[in-house]
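J.: If it helps, the file is called data_31.txt and holds compact mmCIF, C-alpha atoms:
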# COMPACT_ATOMS: atom_id res chain seq x y z
CA MET C 242 -2.92 -17.84 34.72
CA THR C 243 -3.79 -21.32 33.46
CA ILE C 244 -6.66 -22.14 31.13
CA ALA C 245 -8.47 -23.87 34.01
CA GLN C 246 -8.10 -20.82 36.26
CA ASP C 247 -9.30 -18.52 33.49
CA ASN C 248 -12.32 -20.74 32.90
CA GLN C 249 -13.14 -20.66 36.62
CA ARG C 250 -13.01 -16.87 36.63
CA GLN C 251 -15.19 -16.64 33.54
CA ASN C 252 -17.68 -19.00 35.14
CA ALA C 253 -17.67 -16.80 38.24
CA VAL C 254 -18.57 -13.78 36.09
CA GLY C 255 -21.61 -15.66 34.76
CA LYS C 256 -22.69 -16.66 38.27
CA LEU C 257 -22.25 -13.09 39.51
CA GLU C 258 -24.37 -11.79 36.64
CA GLU C 259 -27.09 -14.23 37.70
CA LEU C 260 -26.98 -12.72 41.18
CA VAL C 261 -27.22 -9.26 39.64
CA GLU C 262 -30.38 -10.28 37.78
CA ASN C 263 -32.02 -11.79 40.86
CA LYS C 264 -30.71 -9.33 43.51
CA LEU C 265 -30.93 -10.79 47.00
CA GLU C 266 -31.12 -9.36 50.51
CA LEU C 267 -28.57 -9.79 53.26
CA LYS C 268 -29.94 -11.36 56.41
CA ARG C 269 -27.50 -9.46 58.62
CA PRO C 270 -25.08 -6.53 58.50
CA VAL C 271 -21.63 -7.51 57.24
CA PHE C 272 -18.27 -5.93 58.01
CA PHE C 273 -15.29 -6.22 55.64
CA ILE C 274 -11.99 -5.94 57.52
CA PRO C 275 -8.65 -5.04 55.90
CA GLY C 276 -5.30 -6.66 56.60
CA TRP C 277 -1.84 -5.53 57.68
CA THR C 278 -0.80 -2.08 56.30
CA ASP C 279 -4.18 -1.78 54.55
CA GLU C 280 -5.82 0.53 57.06
CA SER C 281 -7.84 2.28 54.32
CA CYS C 282 -9.42 -1.04 53.24
CA VAL C 283 -8.09 -1.00 49.68
CA CYS C 284 -8.38 -4.79 49.37
CA TRP C 285 -12.19 -4.63 49.52
CA MET C 286 -12.91 -1.14 48.20
CA THR C 287 -10.47 -0.30 45.40
CA PRO C 288 -9.33 -2.43 42.42
CA TYR C 289 -5.60 -3.11 42.42
CA LEU C 290 -5.56 -2.79 38.62
CA LYS C 291 -7.23 -0.29 36.27
CA ARG C 292 -9.33 -3.06 34.76
CA GLY C 293 -9.70 -4.96 38.01
CA THR C 294 -12.65 -5.31 40.33
CA CYS C 295 -13.48 -5.48 44.03
CA ILE C 296 -16.34 -6.44 46.32
CA LYS C 297 -17.46 -2.81 46.65
CA GLU C 298 -18.19 -2.66 42.91
CA TRP C 299 -20.39 -5.75 43.05
CA ALA C 300 -22.26 -5.17 46.32
CA PRO C 301 -24.70 -2.48 45.04
CA LYS C 302 -25.41 -4.56 41.93
CA VAL C 303 -26.15 -7.78 43.79
CA ILE C 304 -27.45 -6.77 47.23
CA LYS C 305 -30.86 -5.14 47.61
CA ASN C 306 -30.14 -3.83 51.10
CA PHE C 307 -26.48 -2.98 50.49
CA ASP C 308 -26.72 -0.33 53.19
CA LEU C 309 -25.96 -3.25 55.52
CA VAL C 310 -22.49 -3.58 53.95
CA ASN C 311 -19.76 -1.92 56.02
CA TYR C 312 -16.09 -1.43 55.12
CA VAL C 313 -13.87 -1.11 58.17
CA SER C 314 -10.93 1.28 58.07
CA PHE C 315 -8.44 2.31 60.74
CA SER C 316 -7.03 5.79 61.17
CA THR C 317 -3.30 6.40 61.37
CA LYS C 318 -3.70 7.22 65.05
CA GLU C 319 -5.57 3.96 65.67
CA SER C 320 -2.94 1.94 63.82
CA GLU C 321 -0.10 3.65 65.69
CA GLY C 322 -1.65 2.44 68.94
CA CYS C 323 -1.76 -1.20 67.80
CA LYS C 324 1.10 -3.63 68.40
CA SER C 325 -0.79 -6.69 67.17
CA PHE C 326 -4.13 -7.97 65.91
CA PHE C 327 -5.33 -8.12 69.53
CA ASP C 328 -5.27 -4.32 69.68
CA PHE C 329 -7.04 -4.06 66.32
CA GLY C 330 -9.63 -6.52 67.61
CA ASP C 331 -10.54 -4.16 70.46
CA ILE C 332 -10.97 -1.26 68.03
CA LEU C 333 -12.97 -3.45 65.66
CA LYS C 334 -15.52 -4.24 68.37
CA GLU C 335 -16.05 -0.57 69.11
CA LYS C 336 -16.56 0.21 65.42
CA ILE C 337 -19.13 -2.56 65.07
CA TRP C 338 -21.03 -1.58 68.19
CA GLU C 339 -21.02 2.06 67.14
CA ARG C 340 -22.59 1.08 63.83
CA ILE C 341 -25.21 -1.52 64.85
CA GLY C 342 -25.22 -1.72 68.65
CA LYS C 343 -24.48 -4.81 70.75
CA LYS C 344 -27.61 -6.86 70.13
CA ALA C 345 -27.78 -7.33 66.34
CA ASP C 346 -26.40 -10.43 64.64
CA PHE C 347 -23.79 -9.79 61.94
CA ASP C 348 -21.18 -11.39 59.68
CA LEU C 349 -17.46 -10.66 59.40
CA VAL C 350 -15.14 -10.95 56.39
CA GLY C 351 -11.44 -10.39 57.06
CA HIS C 352 -8.46 -10.35 54.72
CA SER C 353 -5.07 -11.50 56.01
CA MET C 354 -4.44 -10.04 59.50
CA GLY C 355 -7.99 -8.69 59.40
CA GLY C 356 -9.19 -12.24 59.94
CA LEU C 357 -7.06 -12.40 63.08
CA ASP C 358 -8.51 -9.05 64.20
CA ALA C 359 -11.92 -10.71 64.00
CA VAL C 360 -10.78 -13.86 65.83
CA ALA C 361 -9.24 -11.75 68.60
CA ALA C 362 -12.46 -9.76 68.98
CA ILE C 363 -14.66 -12.84 69.06
CA THR C 364 -12.56 -14.73 71.61
CA ASP C 365 -11.97 -11.76 73.90
CA GLU C 366 -12.53 -12.71 77.54
CA GLU C 367 -13.98 -9.41 78.73
CA ASP C 368 -16.30 -8.43 75.86
CA THR C 369 -17.43 -11.30 73.69
CA LEU C 370 -19.02 -10.99 70.24
CA LEU C 371 -21.52 -13.79 70.75
CA ASN C 372 -23.75 -12.47 67.98
CA VAL C 373 -21.33 -13.17 65.11
CA ASN C 374 -23.00 -15.49 62.66
CA LYS C 375 -20.56 -16.19 59.83
CA LEU C 376 -16.83 -15.48 59.96
CA ILE C 377 -15.09 -15.55 56.57
CA THR C 378 -11.31 -15.36 56.66
CA VAL C 379 -9.52 -14.74 53.36
CA ALA C 380 -5.78 -15.54 53.22
CA THR C 381 -5.62 -15.22 57.00
CA PRO C 382 -2.50 -16.64 58.69
CA HIS C 383 -4.36 -18.57 61.38
CA ARG C 384 -1.15 -20.38 62.31
CA GLY C 385 1.06 -17.35 61.73
CA SER C 386 3.23 -16.27 58.81
CA GLU C 387 6.91 -17.11 58.49
CA LEU C 388 7.34 -13.70 56.86
CA GLY C 389 6.23 -12.02 60.08
CA GLU C 390 9.59 -11.81 61.78
CA ILE C 391 11.75 -11.33 58.69
CA GLY C 392 9.52 -8.78 56.93
CA PRO C 393 10.87 -5.74 58.81
CA VAL C 394 14.43 -6.98 58.18
CA PHE C 395 14.15 -6.52 54.44
CA ARG C 396 12.07 -3.34 54.43
CA LYS C 397 12.01 -0.32 56.70
CA TYR C 398 8.62 0.13 58.39
CA PRO C 399 7.42 2.54 61.09
CA GLU C 400 7.85 0.98 64.52
CA HIS C 401 4.18 0.13 65.05
CA ILE C 402 3.83 -1.41 61.55
CA ALA C 403 6.96 -3.51 62.12
CA SER C 404 5.61 -4.67 65.47
CA GLN C 405 2.32 -5.73 63.88
CA CYS C 406 4.26 -7.74 61.30
CA VAL C 407 6.54 -9.43 63.84
CA ASN C 408 3.54 -10.47 65.92
CA LEU C 409 2.29 -12.52 62.96
CA ASP C 410 5.27 -14.86 63.27
CA PRO C 411 4.39 -18.38 64.53
CA ASP C 412 6.99 -18.13 67.29
CA GLN C 413 5.58 -14.92 68.75
CA PRO C 414 3.24 -14.89 71.79
CA ALA C 415 0.28 -13.35 69.93
CA ILE C 416 -0.06 -16.23 67.47
CA LYS C 417 0.66 -18.80 70.17
CA VAL C 418 -2.10 -17.43 72.38
CA ILE C 419 -4.72 -17.33 69.64
CA ASN C 420 -3.72 -20.84 68.53
CA LYS C 421 -4.15 -22.54 71.88
CA PRO C 422 -6.70 -25.37 71.55
CA ASP C 423 -9.09 -23.77 74.04
CA ALA C 424 -8.96 -20.47 72.14
CA ARG C 425 -9.71 -22.21 68.84
CA GLU C 426 -12.56 -24.19 70.35
CA LYS C 427 -13.92 -21.01 71.89
CA LEU C 428 -13.93 -19.36 68.46
CA LEU C 429 -15.84 -22.22 66.88
CA THR C 430 -18.45 -22.27 69.65
CA ARG C 431 -19.03 -18.53 69.24
CA VAL C 432 -19.65 -18.47 65.49
CA GLU C 433 -22.25 -20.25 63.43
CA LYS C 434 -19.70 -21.09 60.73
CA LEU C 435 -16.06 -20.37 59.89
CA TYR C 436 -15.02 -20.22 56.24
CA CYS C 437 -11.32 -20.23 55.33
CA LEU C 438 -10.57 -19.02 51.80
CA MET C 439 -7.02 -19.54 50.58
CA GLY C 440 -4.92 -19.18 47.43
CA THR C 441 -2.40 -21.70 46.09
CA ARG C 442 0.09 -18.96 45.13
CA ASP C 443 -0.05 -17.06 48.39
CA GLN C 444 3.60 -16.86 49.42
CA ALA C 445 2.79 -14.72 52.47
CA VAL C 446 0.44 -17.19 54.16
CA MET C 447 0.46 -20.52 52.31
CA ARG C 448 -1.12 -23.41 54.25
CA SER C 449 -1.43 -21.29 57.38
CA ALA C 450 -4.71 -19.99 55.96
CA ARG C 451 -6.27 -23.34 56.84
CA PHE C 452 -7.67 -23.29 60.37
CA ASN C 453 -5.71 -25.50 62.75
CA LYS C 454 -7.80 -28.42 63.98
CA ALA C 455 -5.12 -30.08 66.11
CA GLY C 456 -6.19 -30.63 69.70
CA ILE C 457 -9.86 -29.69 69.26
CA ASP C 458 -13.02 -31.76 68.99
CA PRO C 459 -13.05 -33.25 65.45
CA LYS C 460 -16.85 -33.15 65.34
CA LEU C 461 -16.82 -29.45 66.18
CA TYR C 462 -14.33 -28.79 63.40
CA GLU C 463 -16.32 -30.77 60.83
CA LYS C 464 -19.50 -28.97 61.78
CA LYS C 465 -18.15 -25.44 61.91
CA VAL C 466 -15.23 -25.12 59.45
CA GLU C 467 -15.27 -25.05 55.66
CA VAL C 468 -12.19 -24.49 53.49
CA LEU C 469 -12.28 -23.15 49.94
CA VAL C 470 -9.12 -23.01 47.82
CA MET C 471 -8.63 -20.56 44.93
CA ASP C 472 -6.22 -22.08 42.45
CA GLY C 473 -3.57 -19.57 41.38
CA ALA C 474 -4.67 -16.78 43.72
CA THR C 475 -1.99 -14.72 45.47
CA HIS C 476 -2.12 -12.69 48.66
CA SER C 477 -2.70 -9.34 46.94
CA GLN C 478 -1.96 -7.30 43.80
CA LYS C 479 -2.51 -8.66 40.25
CA TYR C 480 -3.92 -12.06 41.20
CA GLY C 481 -4.86 -11.06 44.74
CA ILE C 482 -7.43 -13.33 46.36
CA THR C 483 -9.73 -10.61 47.72
CA GLN C 484 -10.32 -9.22 44.21
CA ASP C 485 -10.50 -12.59 42.50
CA LEU C 486 -13.94 -13.01 40.93
CA ARG C 487 -14.16 -16.50 42.42
CA THR C 488 -13.63 -15.07 45.90
CA ILE C 489 -16.19 -12.31 45.38
CA LEU C 490 -18.72 -14.91 44.21
CA ALA C 491 -17.95 -17.24 47.12
CA VAL C 492 -18.23 -14.49 49.74
CA LEU C 493 -21.58 -13.31 48.37
CA ARG C 494 -22.94 -16.85 48.23
CA ILE C 495 -21.90 -17.46 51.81
CA LEU C 496 -23.58 -14.26 52.94
CA PHE C 497 -26.73 -15.22 51.03
CA ASP C 498 -26.67 -18.80 52.38
CA ILE C 499 -26.27 -20.22 48.87
CA GLU C 500 -24.44 -23.55 48.65
CA LEU C 501 -20.83 -23.24 47.55
CA GLU C 502 -19.43 -24.97 44.48
CA LYS C 503 -16.02 -26.56 44.98
CA PRO C 504 -13.69 -27.71 42.19
CA LYS C 505 -13.11 -31.46 42.36
CA TYR C 506 -9.47 -31.56 41.32
CA ASN C 507 -6.41 -31.64 43.61
CA TYR C 508 -4.64 -28.38 44.44
CA GLY C 509 -1.23 -29.88 45.27
CA TYR C 510 0.56 -31.35 48.27
CA LEU C 511 0.76 -28.09 50.21
CA TYR C 512 -3.00 -28.16 50.66
CA LYS C 513 -3.61 -31.85 51.24
CA LYS C 514 -2.71 -31.84 54.91
CA SER C 515 -4.80 -30.27 57.65
Take the structure in the file and write it out as structure tokens.
T.:
Amino acid sequence: MTIAQDNQRQNAVGKLEELVENKLELKRPVFFIPGWTDESCVCWMTPYLKRGTCIKEWAPKVIKNFDLVNYVSFSTKESEGCKSFFDFGDILKEKIWERIGKKADFDLVGHSMGGLDAVAAITDEEDTLLNVNKLITVATPHRGSELGEIGPVFRKYPEHIASQCVNLDPDQPAIKVINKPDAREKLLTRVEKLYCLMGTRDQAVMRSARFNKAGIDPKLYEKKVEVLVMDGATHSQKYGITQDLRTILAVLRILFDIELEKPKYNYGYLYKKS
């Protein structure tokens, strides 16, 4: 961790404490979605480290109506029936509708593949989630992950887990389908705003966390997409982006419609290109 990164995290603590003092209300229910192999939603609910933190620890302190906060988990049986994020997207819709019905507006926050679960649900042809307001993807491989196809080669996974991993590869049909220009434009027309949060030390996703704007209306992209980079954040574990205080602060501010603060310095060549 650099001095600059440490200062950013310390500043985030101060800003979070200000939110604690003022306690605000959510305008809509929000659903936090876990990523690949995280069916129990550890990334949002349980600190990776003994002295760590997570969004679940801050929500009751900051949010007056924190009963609107929902943490999505998938059972082993549900996961075993999923070959890709498209299958998880179908289950996600049912879980949301079971909780709040089909008419209420809501927000979605997805880590890693969980962001793709949300995208798949929103762009579904048969049952659309037209009432999604904000979609926040955190370290989500919008363009796929190069580790998708090789992951199962280096580690033995159950068949369904391996399949989910392979389908994250950029050369696989699932990613290709969800990355078609018409699919990406459809997503942006069906959400009020898309936020892409990404870490500079995320070896699993890297620049793929930035939404692909190639082939879509530039004005639509500029209006609907906002990218926020967390310097030094990794995909998970010790410096994992979901449990980074800067991410927690940013997510809460987005949900409260508070303007985001963005560092002005450059994050490096990997993040300069769209």
J.: List as JSON, numbers by chain the protein and nucleic acid residues near region 346-356 of chain C, meaning an atom at most 6 Å away when all atoms listed in the file are counted, but skip any in the same chain fewer than 6 places from it.
T.: {"C": [269, 270, 271, 272, 273, 274, 275, 276, 277, 372, 373, 374, 375, 376, 377, 378, 379, 380, 381]}
J.: Restricting the calculation to all atoms listed in the file: of C:Ala359, C:Leu496, C:Gly473, C:Asp443, which residue gets closest to Leu428 (chain C)?
T.: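 Once distances to Leu428 (chain C) are computed over all atoms listed in the file, the minimum belongs to C:Ala359.
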J.: Please measure the separation of CA of Ala361 (chain C) and CA of Arg425 (chain C), giving the value in Å to one decimal.
T.: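 These two atoms are separated by 10.5 Å.
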J.: Quick check, in Å to one decimal: how far apart do CA of Lys334 (chain C) and CA of Ala362 (chain C) lie?
T.: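 Spanning CA of Lys334 (chain C) to CA of Ala362 (chain C) is a straight-line distance of 6.3 Å.
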J.: As an exercise, work out the distance from CA of Trp338 (chain C) to CA of Asp365 (chain C) in Å and give it to one decimal place.
T.: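 Pair CA of Trp338 (chain C) / CA of Asp365 (chain C) returns 14.8 Å.
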J.: Hey, what's within 9 Å of Asp328 (chain C) if we count all atoms listed in the file and toss same-chain stuff fewer than 6 positions away? As a compact mmCIF listing (two decimals) with C-alpha atoms, in the frame of the given file, please?
T.:
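Written out: selection-v1.txt:
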# COMPACT_ATOMS: atom_id res chain seq x y z
CA SER C 320 -2.94 1.94 63.82
CA GLY C 322 -1.65 2.44 68.94
CA ASP C 358 -8.51 -9.05 64.20
CA ALA C 361 -9.24 -11.75 68.60
J.: Please return, as a PyMOL selection string, all polymer residues that have at least one atom within 12 Å of the point (10.2, -2.1, 61.3); use all atoms listed in the file and the file's own coordinate frame.
T.: chain C and resi 324+389-408
J.: Point out the residue among C:Phe497, C:Gly440, C:Glu367, C:Pro414 with the least atom-to-atom distance to Asn306 (chain C), counting only C-alpha atoms.
T.: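 Closest to Asn306 (chain C), using only C-alpha atoms: C:Phe497.
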J.: Of the candidates C:Lys256, C:Glu266, C:Ser316, C:Leu469, which shows the shortest atom-to-atom distance to Asp279 (chain C), using only C-alpha atoms?
T.: C:Ser316
J.: Here is a test: counting all atoms listed in the file, which residue of C:Leu438, C:Val492, C:Ile416, C:Ala450 is nearest to Val470 (chain C)?
T.: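 Nearest to Val470 (chain C): C:Leu438.
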J.: Just want the 8 Å neighbourhood of Ile296 (chain C), counted on all atoms listed in the file, with same-chain residues fewer than 5 positions away dropped. Output as a PDB file with C-alpha atoms, keeping the file's coordinate frame.
T.:
ATOM      1  CA  TRP C 285     -12.190  -4.630  49.520  1.00  0.00           C
ATOM      2  CA  MET C 286     -12.910  -1.140  48.200  1.00  0.00           C
ATOM      3  CA  THR C 483      -9.730 -10.610  47.720  1.00  0.00           C
ATOM      4  CA  GLN C 484     -10.320  -9.220  44.210  1.00  0.00           C
ATOM      5  CA  ILE C 489     -16.190 -12.310  45.380  1.00  0.00           C
TER       6      ILE C 489
END
J.: Taking (-2.9, -18.5, 71.1) in the file's coordinates, which residues come within 12 Å, counting all atoms listed in the file, written as a PDB file with C-alpha atoms, in the coordinates of the input?
T.:
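Saved file result31.pdb follows:
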ATOM      1  CA  PHE C 326      -4.130  -7.970  65.910  1.00  0.00           C
ATOM      2  CA  PHE C 327      -5.330  -8.120  69.530  1.00  0.00           C
ATOM      3  CA  LEU C 357      -7.060 -12.400  63.080  1.00  0.00           C
ATOM      4  CA  VAL C 360     -10.780 -13.860  65.830  1.00  0.00           C
ATOM      5  CA  ALA C 361      -9.240 -11.750  68.600  1.00  0.00           C
ATOM      6  CA  THR C 364     -12.560 -14.730  71.610  1.00  0.00           C
ATOM      7  CA  ASP C 365     -11.970 -11.760  73.900  1.00  0.00           C
ATOM      8  CA  HIS C 383      -4.360 -18.570  61.380  1.00  0.00           C
ATOM      9  CA  ARG C 384      -1.150 -20.380  62.310  1.00  0.00           C
ATOM     10  CA  GLY C 385       1.060 -17.350  61.730  1.00  0.00           C
ATOM     11  CA  ASN C 408       3.540 -10.470  65.920  1.00  0.00           C
ATOM     12  CA  LEU C 409       2.290 -12.520  62.960  1.00  0.00           C
ATOM     13  CA  ASP C 410       5.270 -14.860  63.270  1.00  0.00           C
ATOM     14  CA  PRO C 411       4.390 -18.380  64.530  1.00  0.00           C
ATOM     15  CA  ASP C 412       6.990 -18.130  67.290  1.00  0.00           C
ATOM     16  CA  GLN C 413       5.580 -14.920  68.750  1.00  0.00           C
ATOM     17  CA  PRO C 414       3.240 -14.890  71.790  1.00  0.00           C
ATOM     18  CA  ALA C 415       0.280 -13.350  69.930  1.00  0.00           C
ATOM     19  CA  ILE C 416      -0.060 -16.230  67.470  1.00  0.00           C
ATOM     20  CA  LYS C 417       0.660 -18.800  70.170  1.00  0.00           C
ATOM     21  CA  VAL C 418      -2.100 -17.430  72.380  1.00  0.00           C
ATOM     22  CA  ILE C 419      -4.720 -17.330  69.640  1.00  0.00           C
ATOM     23  CA  ASN C 420      -3.720 -20.840  68.530  1.00  0.00           C
ATOM     24  CA  LYS C 421      -4.150 -22.540  71.880  1.00  0.00           C
ATOM     25  CA  PRO C 422      -6.700 -25.370  71.550  1.00  0.00           C
ATOM     26  CA  ASP C 423      -9.090 -23.770  74.040  1.00  0.00           C
ATOM     27  CA  ALA C 424      -8.960 -20.470  72.140  1.00  0.00           C
ATOM     28  CA  ARG C 425      -9.710 -22.210  68.840  1.00  0.00           C
ATOM     29  CA  GLU C 426     -12.560 -24.190  70.350  1.00  0.00           C
ATOM     30  CA  LYS C 427     -13.920 -21.010  71.890  1.00  0.00           C
ATOM     31  CA  LEU C 428     -13.930 -19.360  68.460  1.00  0.00           C
ATOM     32  CA  ASN C 453      -5.710 -25.500  62.750  1.00  0.00           C
TER      33      ASN C 453
END
J.: Hey, which of C:Ala455, C:Lys268, C:Asp247, C:Glu366 ends up closest to Phe307 (chain C)? Count all atoms listed in the file.
T.: C:Lys268
J.: Using only C-alpha atoms, which of C:Ala253, C:Val313, C:Ile499, C:Ile457 sits nearest Thr430 (chain C)?
T.: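 Of the candidates, the smallest distance to Thr430 (chain C) is held by C:Ile457.
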